[in-house]
$ cat start07.cif   # mmCIF, C-alpha atoms
data_final
#
loop_
_atom_site.group_PDB
_atom_site.id
_atom_site.type_symbol
_atom_site.label_atom_id
_atom_site.label_comp_id
_atom_site.auth_asym_id
_atom_site.auth_seq_id
_atom_site.Cartn_x
_atom_site.Cartn_y
_atom_site.Cartn_z
ATOM 1 C CA MET H 10 0.000 0.000 0.000
ATOM 2 C CA ASN H 11 1.032 3.562 -0.709
ATOM 3 C CA ILE H 12 3.024 5.132 2.164
ATOM 4 C CA GLN H 13 1.210 8.464 2.170
ATOM 5 C CA PHE H 14 -2.123 6.818 2.510
ATOM 6 C CA LYS H 15 -0.936 4.674 5.360
ATOM 7 C CA LYS H 16 0.110 7.175 7.969
ATOM 8 C CA GLY H 17 -3.375 8.510 8.726
ATOM 9 C CA VAL H 18 -4.558 4.942 9.016
ATOM 10 C CA LEU H 19 -1.733 4.120 11.446
ATOM 11 C CA ASP H 20 -3.153 6.607 13.966
ATOM 12 C CA LEU H 21 -6.461 4.813 13.757
ATOM 13 C CA CYS H 22 -4.878 1.357 14.185
ATOM 14 C CA VAL H 23 -2.743 2.309 17.190
ATOM 15 C CA LEU H 24 -5.692 3.954 18.933
ATOM 16 C CA ALA H 25 -7.939 0.976 18.136
ATOM 17 C CA LEU H 26 -5.435 -1.484 19.628
ATOM 18 C CA THR H 27 -5.586 0.342 22.956
ATOM 19 C CA ALA H 28 -9.372 0.673 23.051
ATOM 20 C CA ARG H 29 -9.991 -2.336 25.269
ATOM 21 C CA GLU H 30 -6.777 -2.596 27.252
ATOM 22 C CA ASP H 31 -3.612 -0.618 27.922
ATOM 23 C CA ARG H 32 -0.773 -1.707 25.678
ATOM 24 C CA TYR H 33 2.932 -2.152 26.058
ATOM 25 C CA GLY H 34 4.836 0.181 23.685
ATOM 26 C CA TYR H 35 7.031 -2.612 22.360
ATOM 27 C CA GLU H 36 4.010 -4.737 21.597
ATOM 28 C CA LEU H 37 2.369 -1.906 19.634
ATOM 29 C CA ALA H 38 5.552 -1.308 17.650
ATOM 30 C CA VAL H 39 5.875 -4.969 16.700
ATOM 31 C CA VAL H 40 2.206 -5.508 15.821
ATOM 32 C CA ILE H 41 1.871 -2.352 13.716
ATOM 33 C CA SER H 42 5.104 -2.850 11.792
ATOM 34 C CA SER H 43 4.261 -6.486 11.063
ATOM 35 C CA LYS H 44 0.936 -5.483 9.497
ATOM 36 C CA PHE H 45 2.213 -2.519 7.514
ATOM 37 C CA GLU H 46 5.413 -1.869 5.635
ATOM 38 C CA VAL H 47 6.857 0.582 8.140
ATOM 39 C CA ALA H 48 10.065 0.423 10.166
ATOM 40 C CA VAL H 49 9.507 -0.810 13.731
ATOM 41 C CA GLY H 50 11.204 2.295 15.101
ATOM 42 C CA SER H 51 8.823 4.701 13.409
ATOM 43 C CA VAL H 52 5.922 3.561 15.573
ATOM 44 C CA TYR H 53 7.495 5.275 18.608
ATOM 45 C CA PRO H 54 7.414 8.811 17.139
ATOM 46 C CA LEU H 55 3.776 8.097 16.350
ATOM 47 C CA LEU H 56 3.114 7.146 19.980
ATOM 48 C CA THR H 57 4.926 10.242 21.249
ATOM 49 C CA ARG H 58 2.879 12.455 18.921
ATOM 50 C CA LEU H 59 -0.430 10.909 20.005
ATOM 51 C CA THR H 60 0.682 11.322 23.637
ATOM 52 C CA LEU H 61 1.562 14.998 23.148
ATOM 53 C CA GLU H 62 -1.773 15.536 21.426
ATOM 54 C CA GLY H 63 -3.463 14.197 24.558
ATOM 55 C CA TYR H 64 -4.877 10.978 23.066
ATOM 56 C CA PHE H 65 -2.631 8.722 25.139
ATOM 57 C CA SER H 66 -1.209 8.808 28.615
ATOM 58 C CA SER H 67 1.748 6.584 29.428
ATOM 59 C CA TYR H 68 2.907 4.996 32.658
ATOM 60 C CA LEU H 69 5.514 2.511 33.843
ATOM 61 C CA ARG H 70 4.403 -0.861 35.142
ATOM 62 C CA GLU H 71 6.578 -3.370 36.990
ATOM 63 C CA SER H 72 7.258 -6.606 35.124
ATOM 64 C CA ARG H 73 8.343 -10.005 36.370
ATOM 65 C CA GLU H 74 11.184 -10.257 33.848
ATOM 66 C CA GLY H 75 13.099 -7.160 34.886
ATOM 67 C CA PRO H 76 12.892 -3.385 34.539
ATOM 68 C CA PRO H 77 9.461 -1.659 34.441
ATOM 69 C CA ARG H 78 7.694 -1.392 31.104
ATOM 70 C CA LYS H 79 6.058 1.593 29.440
ATOM 71 C CA TYR H 80 2.335 1.224 28.828
ATOM 72 C CA TYR H 81 0.014 3.382 26.775
ATOM 73 C CA LYS H 82 -3.494 4.160 27.934
ATOM 74 C CA LEU H 83 -6.247 5.718 25.821
ATOM 75 C CA THR H 84 -7.559 8.985 27.350
ATOM 76 C CA PRO H 85 -11.235 10.068 27.072
ATOM 77 C CA LEU H 86 -10.094 12.572 24.422
ATOM 78 C CA GLY H 87 -8.337 9.726 22.614
ATOM 79 C CA ARG H 88 -11.506 7.659 22.687
ATOM 80 C CA ASP H 89 -13.510 10.475 21.080
ATOM 81 C CA HIS H 90 -10.828 10.892 18.447
ATOM 82 C CA LEU H 91 -10.809 7.151 17.790
ATOM 83 C CA ASN H 92 -14.577 7.124 17.284
ATOM 84 C CA GLU H 93 -14.303 9.982 14.796
ATOM 85 C CA LEU H 94 -11.569 8.180 12.883
ATOM 86 C CA ILE H 95 -13.554 4.945 12.786
ATOM 87 C CA GLU H 96 -16.572 6.779 11.411
ATOM 88 C CA GLU H 97 -14.436 8.459 8.745
ATOM 89 C CA TRP H 98 -12.863 5.141 7.843
ATOM 90 C CA ARG H 99 -16.231 3.371 7.544
ATOM 91 C CA SER H 100 -17.763 5.969 5.262
ATOM 92 C CA PHE H 101 -14.559 6.011 3.234
ATOM 93 C CA THR H 102 -14.532 2.246 2.686
ATOM 94 C CA VAL H 103 -18.261 2.233 1.863
ATOM 95 C CA SER H 104 -17.642 4.781 -0.895
ATOM 96 C CA VAL H 105 -14.661 2.870 -2.259
ATOM 97 C CA ASP H 106 -16.606 -0.421 -2.228
ATOM 98 C CA GLN H 107 -19.484 1.186 -4.092
ATOM 99 C CA LEU H 108 -17.186 2.536 -6.766
ATOM 100 C CA ILE H 109 -15.461 -0.823 -7.137
ATOM 101 C CA LYS H 110 -18.833 -2.534 -7.554
ATOM 102 C CA GLU H 111 -19.917 0.005 -10.143
ATOM 103 C CA GLY H 112 -16.666 -0.423 -11.989
ATOM 104 C CA ILE H 113 -16.244 -4.190 -11.871
ATOM 105 C CA GLY H 114 -19.882 -5.171 -11.481
ATOM 106 C CA MET Z 7 24.917 -1.269 13.719
ATOM 107 C CA THR Z 8 25.171 -2.048 17.434
ATOM 108 C CA GLN Z 9 22.763 -0.801 20.088
ATOM 109 C CA GLU Z 10 25.362 1.699 21.262
ATOM 110 C CA GLN Z 11 25.888 3.154 17.790
ATOM 111 C CA PHE Z 12 22.165 3.343 17.164
ATOM 112 C CA LEU Z 13 21.418 5.146 20.415
ATOM 113 C CA LYS Z 14 24.386 7.478 19.958
ATOM 114 C CA LYS Z 15 23.130 8.610 16.562
ATOM 115 C CA LEU Z 16 19.624 9.010 17.914
ATOM 116 C CA LYS Z 17 20.818 11.125 20.853
ATOM 117 C CA GLU Z 18 22.982 13.333 18.673
ATOM 118 C CA GLN Z 19 20.047 14.308 16.478
ATOM 119 C CA MET Z 20 17.740 14.892 19.431
ATOM 120 C CA LYS Z 21 19.921 17.473 21.172
ATOM 121 C CA SER Z 22 17.468 20.317 20.652
ATOM 122 C CA ILE Z 23 14.656 18.462 22.415
ATOM 123 C CA PRO Z 24 14.702 19.487 26.112
ATOM 124 C CA GLU Z 25 14.652 17.151 29.091
ATOM 125 C CA PRO Z 26 12.702 15.270 30.350
ATOM 126 C CA LEU Z 27 11.079 14.618 26.951
ATOM 127 C CA ARG Z 28 14.367 13.698 25.324
ATOM 128 C CA SER Z 29 15.229 10.971 27.840
ATOM 129 C CA GLU Z 30 11.671 9.737 27.836
ATOM 130 C CA TRP Z 31 11.660 9.328 24.057
ATOM 131 C CA ILE Z 32 15.107 7.724 23.976
ATOM 132 C CA PHE Z 33 13.970 5.367 26.716
ATOM 133 C CA ASP Z 34 11.454 3.863 24.250
ATOM 134 C CA TYR Z 35 14.331 2.696 22.049
ATOM 135 C CA GLU Z 36 16.484 1.475 24.940
ATOM 136 C CA GLU Z 37 13.540 -0.520 26.168
ATOM 137 C CA HIS Z 38 12.927 -1.843 22.680
ATOM 138 C CA PHE Z 39 16.480 -3.195 22.466
ATOM 139 C CA ARG Z 40 16.199 -4.771 25.905
ATOM 140 C CA ARG Z 41 12.875 -6.391 25.136
ATOM 141 C CA ALA Z 42 13.818 -7.608 21.648
ATOM 142 C CA MET Z 43 17.016 -9.169 22.988
ATOM 143 C CA GLU Z 44 14.904 -11.080 25.502
ATOM 144 C CA ASP Z 45 13.098 -12.453 22.452
ATOM 145 C CA GLY Z 46 16.465 -13.688 21.226
ATOM 146 C CA LEU Z 47 17.100 -11.202 18.423
ATOM 147 C CA ALA Z 48 20.628 -10.029 17.656
ATOM 148 C CA GLU Z 49 21.561 -6.382 18.269
ATOM 149 C CA GLU Z 50 22.338 -5.793 14.607
ATOM 150 C CA GLN Z 51 19.020 -7.164 13.492
ATOM 151 C CA ILE Z 52 17.081 -5.103 16.008
ATOM 152 C CA ALA Z 53 18.847 -1.908 14.937
ATOM 153 C CA ASN Z 54 18.197 -2.739 11.308
ATOM 154 C CA GLU Z 55 14.494 -3.332 11.853
ATOM 155 C CA LEU Z 56 14.105 -0.146 13.866
ATOM 156 C CA GLY Z 57 15.130 1.965 10.885
ATOM 157 C CA ASP Z 58 17.516 4.871 10.341
ATOM 158 C CA PRO Z 59 18.131 6.501 13.771
ATOM 159 C CA ARG Z 60 18.838 9.914 12.226
ATOM 160 C CA GLN Z 61 15.544 9.922 10.382
ATOM 161 C CA LEU Z 62 13.667 8.698 13.458
ATOM 162 C CA ALA Z 63 15.210 11.462 15.566
ATOM 163 C CA LYS Z 64 14.188 14.033 12.955
ATOM 164 C CA GLU Z 65 10.627 12.784 13.066
ATOM 165 C CA MET Z 66 10.577 13.181 16.821
ATOM 166 C CA LEU Z 67 12.076 16.651 16.551
ATOM 167 C CA LEU Z 68 9.258 17.567 14.175
ATOM 168 C CA VAL Z 69 6.658 16.184 16.584
ATOM 169 C CA TYR Z 70 8.186 18.349 19.309
ATOM 170 C CA ARG Z 71 8.427 21.495 17.169
ATOM 171 C CA VAL Z 72 4.861 21.231 15.905
ATOM 172 C CA ASN Z 73 3.642 20.749 19.458
ATOM 173 C CA GLN Z 74 5.594 23.820 20.627
ATOM 174 C CA ALA Z 75 4.255 25.915 17.766
ATOM 175 C CA GLU Z 76 0.696 24.850 18.514
ATOM 176 C CA SER Z 77 0.882 25.968 22.112
ATOM 177 C CA SER Z 78 2.495 29.303 21.181
ATOM 178 C CA ASN Z 79 -0.779 30.833 19.964
ATOM 179 C CA GLY Z 80 0.111 32.061 16.505
ATOM 180 C CA ARG Z 81 3.617 33.426 17.100
ATOM 181 C CA ILE Z 82 5.854 33.220 14.074
ATOM 182 C CA ALA Z 83 9.187 32.091 15.612
ATOM 183 C CA PRO Z 84 8.052 28.631 16.857
ATOM 184 C CA VAL Z 85 6.268 28.066 13.548
ATOM 185 C CA SER Z 86 9.475 28.871 11.686
ATOM 186 C CA LYS Z 87 11.349 26.328 13.824
ATOM 187 C CA ALA Z 88 8.733 23.728 12.964
ATOM 188 C CA VAL Z 89 9.167 24.570 9.275
ATOM 189 C CA ILE Z 90 12.920 24.055 9.602
ATOM 190 C CA ALA Z 91 12.376 20.712 11.365
ATOM 191 C CA THR Z 92 10.146 19.646 8.476
ATOM 192 C CA VAL Z 93 12.748 20.639 5.925
ATOM 193 C CA GLY Z 94 15.222 18.373 7.742
ATOM 194 C CA LEU Z 95 13.098 15.405 6.750
ATOM 195 C CA GLY Z 96 13.820 15.602 3.056
ATOM 196 C CA PHE Z 97 14.201 17.420 -0.221
ATOM 197 C CA PHE Z 98 10.491 17.406 -0.999
ATOM 198 C CA ASN Z 99 9.908 19.771 1.908
ATOM 199 C CA LEU Z 100 12.543 22.198 0.742
ATOM 200 C CA VAL Z 101 10.458 22.848 -2.351
ATOM 201 C CA PHE Z 102 6.927 22.384 -1.063
ATOM 202 C CA VAL Z 103 7.258 23.705 2.479
ATOM 203 C CA LEU Z 104 10.193 26.075 2.795
ATOM 204 C CA ALA Z 105 9.779 27.909 -0.533
ATOM 205 C CA PRO Z 106 6.093 28.868 -0.066
ATOM 206 C CA TYR Z 107 6.812 29.721 3.554
ATOM 207 C CA LEU Z 108 9.583 32.153 2.603
ATOM 208 C CA VAL Z 109 7.225 33.839 0.136
ATOM 209 C CA LEU Z 110 4.642 34.270 2.896
ATOM 210 C CA LEU Z 111 7.291 35.644 5.258
ATOM 211 C CA ALA Z 112 8.320 38.187 2.624
ATOM 212 C CA LEU Z 113 4.669 39.221 2.276
ATOM 213 C CA LEU Z 114 4.368 39.639 6.043
ATOM 214 C CA LEU Z 115 7.543 41.673 6.157
ATOM 215 C CA GLY Z 116 6.139 43.916 3.410
ATOM 216 C CA CYS Z 117 2.929 44.528 5.367
ATOM 217 C CA TRP Z 118 4.753 45.377 8.568
ATOM 218 C CA ALA Z 119 7.137 47.660 6.661
ATOM 219 C CA ALA Z 120 4.176 49.510 5.098
ATOM 220 C CA ALA Z 121 2.595 49.985 8.547
ATOM 221 C CA PHE Z 122 5.874 51.288 9.936
ATOM 222 C CA ALA Z 123 6.387 53.605 6.953
ATOM 223 C CA SER Z 124 2.922 55.143 7.425
ATOM 224 C CA VAL Z 125 3.587 55.979 11.057
ATOM 225 C CA LEU Z 126 6.965 57.394 10.078
ATOM 226 C CA GLY Z 127 5.180 59.457 7.404
ATOM 227 C CA ALA Z 128 2.828 60.884 10.044
ATOM 228 C CA LEU Z 129 5.802 62.037 12.107
ATOM 229 C CA THR Z 130 7.410 63.587 9.049
ATOM 230 C CA ALA Z 131 4.198 65.494 8.244
ATOM 231 C CA VAL Z 132 4.086 66.977 11.753
ATOM 232 C CA TYR Z 133 7.715 67.978 11.428
ATOM 233 C CA GLU Z 134 7.016 69.606 8.044
ATOM 234 C CA GLY Z 135 4.069 71.549 9.465
ATOM 235 C CA LEU Z 136 6.063 72.845 12.416
ATOM 236 C CA PHE Z 137 9.447 73.557 10.894
ATOM 237 C CA GLY Z 138 9.227 73.108 7.126
ATOM 238 C CA GLY Z 139 7.707 75.359 4.512
ATOM 239 C CA GLY Z 140 5.767 72.910 2.351
ATOM 240 C CA LEU Z 141 2.630 72.519 4.494
ATOM 241 C CA THR Z 142 0.568 74.748 6.738
ATOM 242 C CA LEU Z 143 0.079 73.522 10.294
ATOM 243 C CA ILE Z 144 -3.544 72.536 9.632
ATOM 244 C CA GLN Z 145 -2.626 70.606 6.477
ATOM 245 C CA SER Z 146 0.148 68.792 8.267
ATOM 246 C CA ILE Z 147 -2.133 67.802 11.145
ATOM 247 C CA PHE Z 148 -4.681 66.356 8.731
ATOM 248 C CA ALA Z 149 -1.964 64.530 6.798
ATOM 249 C CA ALA Z 150 -0.463 63.187 10.023
ATOM 250 C CA LEU Z 151 -3.834 61.952 11.301
ATOM 251 C CA ALA Z 152 -4.604 60.248 7.989
ATOM 252 C CA LEU Z 153 -1.206 58.564 7.887
ATOM 253 C CA LEU Z 154 -1.411 57.527 11.528
ATOM 254 C CA GLY Z 155 -4.843 56.011 10.910
ATOM 255 C CA LEU Z 156 -3.541 54.169 7.873
ATOM 256 C CA GLY Z 157 -0.517 52.953 9.831
ATOM 257 C CA MET Z 158 -2.665 51.584 12.621
ATOM 258 C CA LEU Z 159 -4.968 49.897 10.166
ATOM 259 C CA LEU Z 160 -2.018 48.335 8.374
ATOM 260 C CA ALA Z 161 -0.491 47.203 11.678
ATOM 261 C CA ALA Z 162 -3.748 45.564 12.742
ATOM 262 C CA PHE Z 163 -3.992 43.871 9.364
ATOM 263 C CA SER Z 164 -0.357 42.700 9.540
ATOM 264 C CA ARG Z 165 -0.957 41.274 12.984
ATOM 265 C CA TRP Z 166 -4.007 39.419 11.801
ATOM 266 C CA LEU Z 167 -2.168 38.174 8.707
ATOM 267 C CA THR Z 168 0.812 37.004 10.792
ATOM 268 C CA ARG Z 169 -1.451 34.866 12.945
ATOM 269 C CA ALA Z 170 -3.308 33.529 9.937
ATOM 270 C CA VAL Z 171 -0.044 32.561 8.226
ATOM 271 C CA SER Z 172 1.201 30.862 11.430
ATOM 272 C CA LYS Z 173 -1.952 28.826 11.837
ATOM 273 C CA MET Z 174 -2.211 27.888 8.186
ATOM 274 C CA THR Z 175 1.433 26.864 7.999
ATOM 275 C CA LEU Z 176 1.041 24.728 11.094
ATOM 276 C CA GLN Z 177 -2.024 22.988 9.680
ATOM 277 C CA TYR Z 178 -0.093 22.273 6.521
ATOM 278 C CA LEU Z 179 2.890 20.935 8.490
ATOM 279 C CA LYS Z 180 0.632 18.664 10.503
ATOM 280 C CA PHE Z 181 -0.980 17.377 7.361
ATOM 281 C CA ASN Z 182 2.453 16.845 5.877
ATOM 282 C CA SER Z 183 3.900 15.164 8.944
ATOM 283 C CA ARG Z 184 1.154 12.590 8.722
ATOM 284 C CA VAL Z 185 2.120 11.476 5.268
ATOM 285 C CA MET Z 186 5.841 11.030 5.900
ATOM 286 C CA LYS Z 187 7.258 7.888 7.341
ATOM 287 C CA VAL Z 188 10.500 6.010 7.816
ATOM 288 C CA LYS Z 189 10.468 3.196 5.292
ATOM 289 C CA LYS Z 190 11.167 -0.412 6.075
ATOM 290 C CA ARG Z 191 14.600 -1.524 4.960
#
$ encode --input "start07.cif" --output "structure tokens"
Amino acid sequence: MNIQFKKGVLDLCVLALTAREDRYGYELAVVISSKFEVAVGSVYPLLTRLTLEGYFSSYLRESREGPPRKYYKLTPLGRDHLNELIEEWRSFTVSVDQLIKEGIG
Amino acid sequence: MTQEQFLKKLKEQMKSIPEPLRSEWIFDYEEHFRRAMEDGLAEEQIANELGDPRQLAKEMLLVYRVNQAESSNGRIAPVSKAVIATVGLGFFNLVFVLAPYLVLLALLLGCWAAAFASVLGALTAVYEGLFGGGLTLIQSIFAALALLGLGMLLAAFSRWLTRAVSKMTLQYLKFNSRVMKVKKR
């Protein structure tokens, strides 16, 4: 998929992954980069941006295996933003599907 | 590249990000190395999968600059810094971000210069009326008032335009920063 198209969608995916439970930063980086053709490391700037924009809060949680781990939690603002993005995405895919049907039949 | 080399390059490029943000953002990568090594990956491989540290650091600098500019309420200096951070990300931005921005800055400078010139003109008119021979005192007072009014109007307009340019530029940068990404190697 085209890179330019992807980045807006990445925001949506990262926010969606944290909707039900708080996520470990490393886990988010690995999952996102395995689904899309982006470098693992570029997920972190995305997380920092979403945190600065107030959509995430982060905290450290103790782990059994060693040093504490950084978790990302969706804020109420983040949840609203996520819902907006999902709505946009749905109407977008509906339009695309319609056009494909019209074109291909 | 080893973990040490990767982190060193990252830190070098992130110098202009203040603490504690800088350490916090670098911590993400340190933790990533630690965690990935627990999974049995080699340092070299982890660094390779993470992507180019210089480019990653530039992206984070842009995130920081845009955030600073947003909270500065339309001032031009933080917006200019954000523009420069964007330009650091690649050639495309030199042409499509920096060039239009410089044109807008020149326009702003022109407006402010016109406002300043009008006020200066008002002072000159008063001086002419008092000490020169070209104008009577009444004429000079009218001319000075007209020029002062024009100057104030131009200043108010310049101020409004400066804020508008700041906000618009920032919107454009944000839009742009969403479409750029470090590619997988």
$ residues_around --input "start07.cif" --residues "Gly34 (chain H)" --least-positions-apart "6" --cutoff "8 Å" --atoms "all atoms listed in the file" --output "PyMOL selection string"
(chain H and resi 53+79-81) or (chain Z and resi 34)
$ atom_distance --input "start07.cif" --atom1 "CA of Ser124 (chain Z)" --atom2 "CA of Leu154 (chain Z)"
6.4 Å
$ interface_residues --input "start07.cif" --of "chain Z" --to "chain H" --cutoff "10 Å" --atoms "all atoms listed in the file" --output "PDB file with C-alpha atoms, keeping the file's coordinate frame"
ATOM      1  CA  LEU Z  27      11.079  14.618  26.951  1.00  0.00           C
ATOM      2  CA  GLU Z  30      11.671   9.737  27.836  1.00  0.00           C
ATOM      3  CA  TRP Z  31      11.660   9.328  24.057  1.00  0.00           C
ATOM      4  CA  ILE Z  32      15.107   7.724  23.976  1.00  0.00           C
ATOM      5  CA  PHE Z  33      13.970   5.367  26.716  1.00  0.00           C
ATOM      6  CA  ASP Z  34      11.454   3.863  24.250  1.00  0.00           C
ATOM      7  CA  TYR Z  35      14.331   2.696  22.049  1.00  0.00           C
ATOM      8  CA  GLU Z  37      13.540  -0.520  26.168  1.00  0.00           C
ATOM      9  CA  HIS Z  38      12.927  -1.843  22.680  1.00  0.00           C
ATOM     10  CA  PHE Z  39      16.480  -3.195  22.466  1.00  0.00           C
ATOM     11  CA  ARG Z  40      16.199  -4.771  25.905  1.00  0.00           C
ATOM     12  CA  ARG Z  41      12.875  -6.391  25.136  1.00  0.00           C
ATOM     13  CA  ALA Z  42      13.818  -7.608  21.648  1.00  0.00           C
ATOM     14  CA  GLU Z  44      14.904 -11.080  25.502  1.00  0.00           C
ATOM     15  CA  ILE Z  52      17.081  -5.103  16.008  1.00  0.00           C
ATOM     16  CA  ALA Z  53      18.847  -1.908  14.937  1.00  0.00           C
ATOM     17  CA  ASN Z  54      18.197  -2.739  11.308  1.00  0.00           C
ATOM     18  CA  GLU Z  55      14.494  -3.332  11.853  1.00  0.00           C
ATOM     19  CA  LEU Z  56      14.105  -0.146  13.866  1.00  0.00           C
ATOM     20  CA  GLY Z  57      15.130   1.965  10.885  1.00  0.00           C
ATOM     21  CA  ASP Z  58      17.516   4.871  10.341  1.00  0.00           C
ATOM     22  CA  PRO Z  59      18.131   6.501  13.771  1.00  0.00           C
ATOM     23  CA  GLN Z  61      15.544   9.922  10.382  1.00  0.00           C
ATOM     24  CA  LEU Z  62      13.667   8.698  13.458  1.00  0.00           C
ATOM     25  CA  ALA Z  63      15.210  11.462  15.566  1.00  0.00           C
ATOM     26  CA  LYS Z  64      14.188  14.033  12.955  1.00  0.00           C
ATOM     27  CA  GLU Z  65      10.627  12.784  13.066  1.00  0.00           C
ATOM     28  CA  MET Z  66      10.577  13.181  16.821  1.00  0.00           C
ATOM     29  CA  LEU Z  67      12.076  16.651  16.551  1.00  0.00           C
ATOM     30  CA  LEU Z  68       9.258  17.567  14.175  1.00  0.00           C
ATOM     31  CA  VAL Z  69       6.658  16.184  16.584  1.00  0.00           C
ATOM     32  CA  TYR Z  70       8.186  18.349  19.309  1.00  0.00           C
ATOM     33  CA  VAL Z  72       4.861  21.231  15.905  1.00  0.00           C
ATOM     34  CA  ASN Z  73       3.642  20.749  19.458  1.00  0.00           C
ATOM     35  CA  PHE Z 181      -0.980  17.377   7.361  1.00  0.00           C
ATOM     36  CA  ASN Z 182       2.453  16.845   5.877  1.00  0.00           C
ATOM     37  CA  SER Z 183       3.900  15.164   8.944  1.00  0.00           C
ATOM     38  CA  ARG Z 184       1.154  12.590   8.722  1.00  0.00           C
ATOM     39  CA  VAL Z 185       2.120  11.476   5.268  1.00  0.00           C
ATOM     40  CA  MET Z 186       5.841  11.030   5.900  1.00  0.00           C
ATOM     41  CA  LYS Z 187       7.258   7.888   7.341  1.00  0.00           C
ATOM     42  CA  VAL Z 188      10.500   6.010   7.816  1.00  0.00           C
ATOM     43  CA  LYS Z 189      10.468   3.196   5.292  1.00  0.00           C
ATOM     44  CA  LYS Z 190      11.167  -0.412   6.075  1.00  0.00           C
ATOM     45  CA  ARG Z 191      14.600  -1.524   4.960  1.00  0.00           C
TER      46      ARG Z 191
END
$ atom_distance --input "start07.cif" --atom1 "CA of Cys117 (chain Z)" --atom2 "CA of Ala162 (chain Z)"
10.0 Å
$ resolve_selection --input "start07.cif" --expression "the PyMOL selection byres ((chain Z and resi 101-114) around 8)" --output "PyMOL selection string"
chain Z and resi 89-90+92-93+97-100+115-118+164+167-168+171+175+179
$ atom_distance --input "start07.cif" --atom1 "CA of Lys82 (chain H)" --atom2 "CA of Pro26 (chain Z)"
19.8 Å
$ closest_residue --input "start07.cif" --among "Z:Glu76, Z:Ile23, Z:Arg60, Z:Gly46" --to "Gly96 (chain Z)" --atoms "only C-alpha atoms"
Z:Arg60
$ residues_near_point --input "start07.cif" --point "(24.9, 5.0, 19.1)" --cutoff "12 Å" --atoms "all atoms listed in the file" --output "count of residues only"
22
$ residues_around --input "start07.cif" --residues "His90 (chain H)" --least-positions-apart "2" --cutoff "12 Å" --atoms "all atoms listed in the file" --output "list in words"
Asp20, Leu21, Val23, Leu24, Ala25, Ala28, Leu59, Glu62, Gly63, Tyr64, Phe65, Leu83, Thr84, Pro85, Leu86, Gly87, Arg88, Asn92, Glu93, Leu94, Ile95, Glu96 and Glu97 of chain H
$ closest_residue --input "start07.cif" --among "Z:Ala123, Z:Ala88, Z:Glu25, Z:Leu153" --to "Tyr178 (chain Z)" --atoms "all atoms listed in the file"
Z:Ala88
$ axis_aligned_box --input "start07.cif" --around "region 37-47 of chain H" --padding-each-side "8 Å" --output "AutoDock Vina command-line options"
--center_x 3.9 --center_y -3.0 --center_z 12.6 --size_x 21.9 --size_y 23.1 --size_z 30.0
